[in-house]
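Asks: If you scroll down you'll find the structure; I have some questions about it.
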Amino acid sequence: MRRIVGIVLAVLLIGGVVAAVVAGRDSGETGTATKTVRMVIGSEKAEFFADPDVVKALAAKGYTVEAETSGSWAMEGLDLAGYDLAFPSSRAPAAELAEKHGVRGILPRPFYSPLVVVSRRGAAEVLAANGLAVLDGKNPGTLRMGAYLDAAGRDRTWQQLDGAEEYGELTGTLYISSTDPETSNSGALYLAAASYVANGGKVVASDAEVGRTTPLLRKLVSVQGAQQSSTDAAFRDFVSGAGNPLVLVYESQVATLLEEQQNADDLVVLYPDTTVNSDHTVVPLTGAGREVADLLGSDPTLRRLAVRHGFRPQGDVAEFAAAAVGRTAYLKQRLTGVRQAPVPTSAVLHELARRARG
């Protein structure tokens, strides 16, 4: 008899739980996530997905996101079984992942971010005085890629530049710190832009062109010694005052810093006059992954939050230009005077990175 009573109570308890869940749905409650979506992302998007407002906005649409970080090119070597989407920092590694995992159709690109060079004010003023940069007042400025690459190819040092003697930290070979091009998207895109300029304004496409541009690319990489695997780590070092006075990062990282720290007097942002935008591209691995990818590009709240984290939403320049006033003194609201270089095929870009690393 006791066993029968126990079974009846268990059935009633289960029924009560089910009724409570159904009642919660019928009562019009919102904001409770019903699907957990696992993703692997570039480190530069970690703060975006950790933002409580982003978490809340996704939950309102029925999703909880679990995000892990990886270098964009390193994602190709990961076991993505059990993941709903991969979110590298540009189209090239995304295309590789899509082919590997049999993903068909157009890959969503909800937002993008240009590559920029962050500099200490003294370094930027020395570059400008020697024709390697142009400063628009105090900020922002333009890095003249042709002039810079010519200086790098001739192994110029800071001491050879007029005015550098005023700044004790400006010593040794002139170079831009970048990430490892074999594992990190920003490092690979740096080589894409540099190779385009070195190849006479043409995208590198043949073995001969790879061979012709390799010596310069090798100099750009070898002078740095050990490289970071992510722009997040490189940017943290720069903000802390450590390392090289010129560092290649994403504009979005600078915008996030300015959102938190309105006064950054020693910071100058240089936009290379020939560059490559980082089109953050989603590779949906499941239906839920595709749904979240579509939301990132279409939901007004998520687009607004992307702008807050410094990303430029696709299709509407005004959204970024209307962002926080504190950024206008440091960032170009419209990318006028910045030439977008085509990116080589993934195979060519891999080969450029391999040869540059020696």
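By convention in this document, the chains of the structure tokens carry letters A, B, ... by their order, each chain's residues are numbered from 1, and ligands are numbered from 1 in the order they are shown.
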I want to know what sits within 10 Å of Arg339 of chain A, based on only C-alpha atoms, with residues of the same chain fewer than 3 positions away left out; could you give that as number ranges by chain?

Replies: A: 193, 272-277, 335-336, 342

Asks: Can you tell me which residues surround Arg312 of chain A at a distance of at most 7 Å, considering only C-alpha atoms, apart from same-chain residues fewer than 5 positions away, and format the answer as a list in words?

Replies: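 Here the qualifying residues turn out to be Phe111, Tyr112, Ser113, Val307 and Phe320 of chain A.
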
Asks: Suppose we keep C-alpha atoms; can you now write the selection as a PDB file, in the first residue's frame?

Replies:
ATOM      1  CA  PHE A 111      29.086  43.449 -37.763  1.00  0.00           C
ATOM      2  CA  TYR A 112      32.626  44.411 -38.686  1.00  0.00           C
ATOM      3  CA  SER A 113      35.616  46.313 -37.322  1.00  0.00           C
ATOM      4  CA  VAL A 307      27.790  49.499 -31.340  1.00  0.00           C
ATOM      5  CA  PHE A 320      28.112  53.783 -35.366  1.00  0.00           C
TER       6      PHE A 320
END

Asks: Tell me which protein, DNA and RNA residues are within 7 Å of Ala57 of chain A, counting only C-alpha atoms, leaving out same-chain ones fewer than 4 positions away, and put them as number ranges by chain.

Replies: A: 53, 61, 301-302

Asks: Just write the chosen residues, N, CA, C and O atoms, as a CSV table (one decimal), in the first residue's frame.

Replies:
chain,number,residue,atom,x,y,z
A,53,ASP,N,23.8,43.1,-20.4
A,53,ASP,CA,22.7,43.6,-21.2
A,53,ASP,C,22.5,42.7,-22.5
A,53,ASP,O,21.4,42.5,-23.0
A,61,LYS,N,14.9,36.6,-26.1
A,61,LYS,CA,14.6,35.9,-27.3
A,61,LYS,C,14.6,34.4,-27.1
A,61,LYS,O,14.4,33.6,-28.1
A,301,THR,N,18.0,45.8,-30.5
A,301,THR,CA,18.7,45.9,-29.2
A,301,THR,C,20.1,45.3,-29.3
A,301,THR,O,21.1,46.0,-28.8
A,302,LEU,N,20.3,44.2,-29.9
A,302,LEU,CA,21.6,43.6,-30.1
A,302,LEU,C,22.5,44.4,-31.0
A,302,LEU,O,23.7,44.5,-30.7

Asks: Could you give me, as a list in words, the residues within 6 Å of segment 176-183 of chain A, counting only C-alpha atoms and dropping anything in the same chain fewer than 2 positions from it?

Replies: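 Non-adjacent residues within range: Gly71, Trp73, Ala74, Gly187, Ala188, Gln227, Gln228, Ser229, Leu246, Val247, Leu248 and Ala353 of chain A.
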
Asks: Quick check, in Å to one decimal: how far apart do atom CA of Gly141 of chain A and atom CA of Ser252 of chain A lie?

Replies: 16.4 Å

Asks: For Asp150 of chain A, find every residue with an atom within 12 Å (counting only C-alpha atoms), except residues of its own chain fewer than 3 positions away, and show them as a list in words.

Replies: Gly131, Leu132, Arg144, Met145, Gly146, Ala147, Gly153, Arg154, Asp155, Arg156, Leu174, Tyr175, Ala194, Val197, Ala198, Leu216, Leu217, Lys219 and Leu220 of chain A

Asks: Keeping only N, CA, C and O atoms, write the selected residues to a file as a PDB file, in the first residue's frame.

Replies:
ATOM      1  N   GLY A 131      56.846  61.839 -42.094  1.00  0.00           N
ATOM      2  CA  GLY A 131      56.087  61.472 -43.280  1.00  0.00           C
ATOM      3  C   GLY A 131      55.500  60.080 -43.282  1.00  0.00           C
ATOM      4  O   GLY A 131      55.021  59.615 -44.316  1.00  0.00           O
ATOM      5  N   LEU A 132      55.483  59.416 -42.126  1.00  0.00           N
ATOM      6  CA  LEU A 132      54.930  58.064 -42.058  1.00  0.00           C
ATOM      7  C   LEU A 132      53.478  58.064 -41.598  1.00  0.00           C
ATOM      8  O   LEU A 132      52.804  57.028 -41.661  1.00  0.00           O
ATOM      9  N   ARG A 144      50.448  56.046 -43.111  1.00  0.00           N
ATOM     10  CA  ARG A 144      50.743  55.916 -44.539  1.00  0.00           C
ATOM     11  C   ARG A 144      51.456  54.587 -44.759  1.00  0.00           C
ATOM     12  O   ARG A 144      52.657  54.454 -44.508  1.00  0.00           O
ATOM     13  N   MET A 145      50.679  53.598 -45.192  1.00  0.00           N
ATOM     14  CA  MET A 145      51.194  52.232 -45.273  1.00  0.00           C
ATOM     15  C   MET A 145      52.387  52.109 -46.208  1.00  0.00           C
ATOM     16  O   MET A 145      53.349  51.395 -45.912  1.00  0.00           O
ATOM     17  N   GLY A 146      52.353  52.790 -47.357  1.00  0.00           N
ATOM     18  CA  GLY A 146      53.475  52.703 -48.279  1.00  0.00           C
ATOM     19  C   GLY A 146      54.767  53.187 -47.650  1.00  0.00           C
ATOM     20  O   GLY A 146      55.821  52.535 -47.746  1.00  0.00           O
ATOM     21  N   ALA A 147      54.695  54.338 -46.979  1.00  0.00           N
ATOM     22  CA  ALA A 147      55.879  54.910 -46.334  1.00  0.00           C
ATOM     23  C   ALA A 147      56.351  54.035 -45.183  1.00  0.00           C
ATOM     24  O   ALA A 147      57.561  53.819 -44.990  1.00  0.00           O
ATOM     25  N   GLY A 153      61.018  47.831 -44.578  1.00  0.00           N
ATOM     26  CA  GLY A 153      61.849  47.062 -45.500  1.00  0.00           C
ATOM     27  C   GLY A 153      63.310  47.453 -45.435  1.00  0.00           C
ATOM     28  O   GLY A 153      64.193  46.645 -45.757  1.00  0.00           O
ATOM     29  N   ARG A 154      63.575  48.692 -45.039  1.00  0.00           N
ATOM     30  CA  ARG A 154      64.965  49.173 -44.920  1.00  0.00           C
ATOM     31  C   ARG A 154      65.479  49.117 -43.483  1.00  0.00           C
ATOM     32  O   ARG A 154      66.533  49.670 -43.172  1.00  0.00           O
ATOM     33  N   ASP A 155      64.721  48.426 -42.619  1.00  0.00           N
ATOM     34  CA  ASP A 155      65.151  48.207 -41.221  1.00  0.00           C
ATOM     35  C   ASP A 155      65.448  49.512 -40.494  1.00  0.00           C
ATOM     36  O   ASP A 155      66.396  49.603 -39.697  1.00  0.00           O
ATOM     37  N   ARG A 156      64.631  50.528 -40.737  1.00  0.00           N
ATOM     38  CA  ARG A 156      64.867  51.808 -40.076  1.00  0.00           C
ATOM     39  C   ARG A 156      64.609  51.684 -38.579  1.00  0.00           C
ATOM     40  O   ARG A 156      63.736  50.932 -38.127  1.00  0.00           O
ATOM     41  N   LEU A 174      61.972  50.134 -35.855  1.00  0.00           N
ATOM     42  CA  LEU A 174      60.591  50.605 -35.991  1.00  0.00           C
ATOM     43  C   LEU A 174      59.725  49.457 -36.492  1.00  0.00           C
ATOM     44  O   LEU A 174      59.996  48.884 -37.546  1.00  0.00           O
ATOM     45  N   TYR A 175      58.688  49.112 -35.732  1.00  0.00           N
ATOM     46  CA  TYR A 175      57.774  48.059 -36.196  1.00  0.00           C
ATOM     47  C   TYR A 175      56.443  48.147 -35.459  1.00  0.00           C
ATOM     48  O   TYR A 175      56.338  48.771 -34.401  1.00  0.00           O
ATOM     49  N   ALA A 194      49.455  44.377 -46.036  1.00  0.00           N
ATOM     50  CA  ALA A 194      50.844  44.687 -46.382  1.00  0.00           C
ATOM     51  C   ALA A 194      51.231  44.082 -47.728  1.00  0.00           C
ATOM     52  O   ALA A 194      51.912  44.722 -48.543  1.00  0.00           O
ATOM     53  N   VAL A 197      49.813  46.173 -50.675  1.00  0.00           N
ATOM     54  CA  VAL A 197      50.607  47.378 -50.944  1.00  0.00           C
ATOM     55  C   VAL A 197      51.930  46.999 -51.598  1.00  0.00           C
ATOM     56  O   VAL A 197      52.352  47.601 -52.594  1.00  0.00           O
ATOM     57  N   ALA A 198      52.595  45.980 -51.056  1.00  0.00           N
ATOM     58  CA  ALA A 198      53.893  45.556 -51.582  1.00  0.00           C
ATOM     59  C   ALA A 198      53.786  44.996 -52.987  1.00  0.00           C
ATOM     60  O   ALA A 198      54.770  45.005 -53.743  1.00  0.00           O
ATOM     61  N   LEU A 216      59.514  40.975 -47.396  1.00  0.00           N
ATOM     62  CA  LEU A 216      59.020  42.068 -46.566  1.00  0.00           C
ATOM     63  C   LEU A 216      58.156  41.544 -45.434  1.00  0.00           C
ATOM     64  O   LEU A 216      58.298  41.963 -44.274  1.00  0.00           O
ATOM     65  N   LEU A 217      57.250  40.616 -45.742  1.00  0.00           N
ATOM     66  CA  LEU A 217      56.363  40.082 -44.707  1.00  0.00           C
ATOM     67  C   LEU A 217      57.171  39.387 -43.616  1.00  0.00           C
ATOM     68  O   LEU A 217      56.830  39.467 -42.433  1.00  0.00           O
ATOM     69  N   LYS A 219      60.130  40.207 -42.645  1.00  0.00           N
ATOM     70  CA  LYS A 219      60.706  41.254 -41.791  1.00  0.00           C
ATOM     71  C   LYS A 219      59.670  41.779 -40.808  1.00  0.00           C
ATOM     72  O   LYS A 219      59.974  42.019 -39.633  1.00  0.00           O
ATOM     73  N   LEU A 220      58.441  41.987 -41.287  1.00  0.00           N
ATOM     74  CA  LEU A 220      57.389  42.513 -40.422  1.00  0.00           C
ATOM     75  C   LEU A 220      57.133  41.601 -39.227  1.00  0.00           C
ATOM     76  O   LEU A 220      56.789  42.070 -38.140  1.00  0.00           O
TER      77      LEU A 220
END
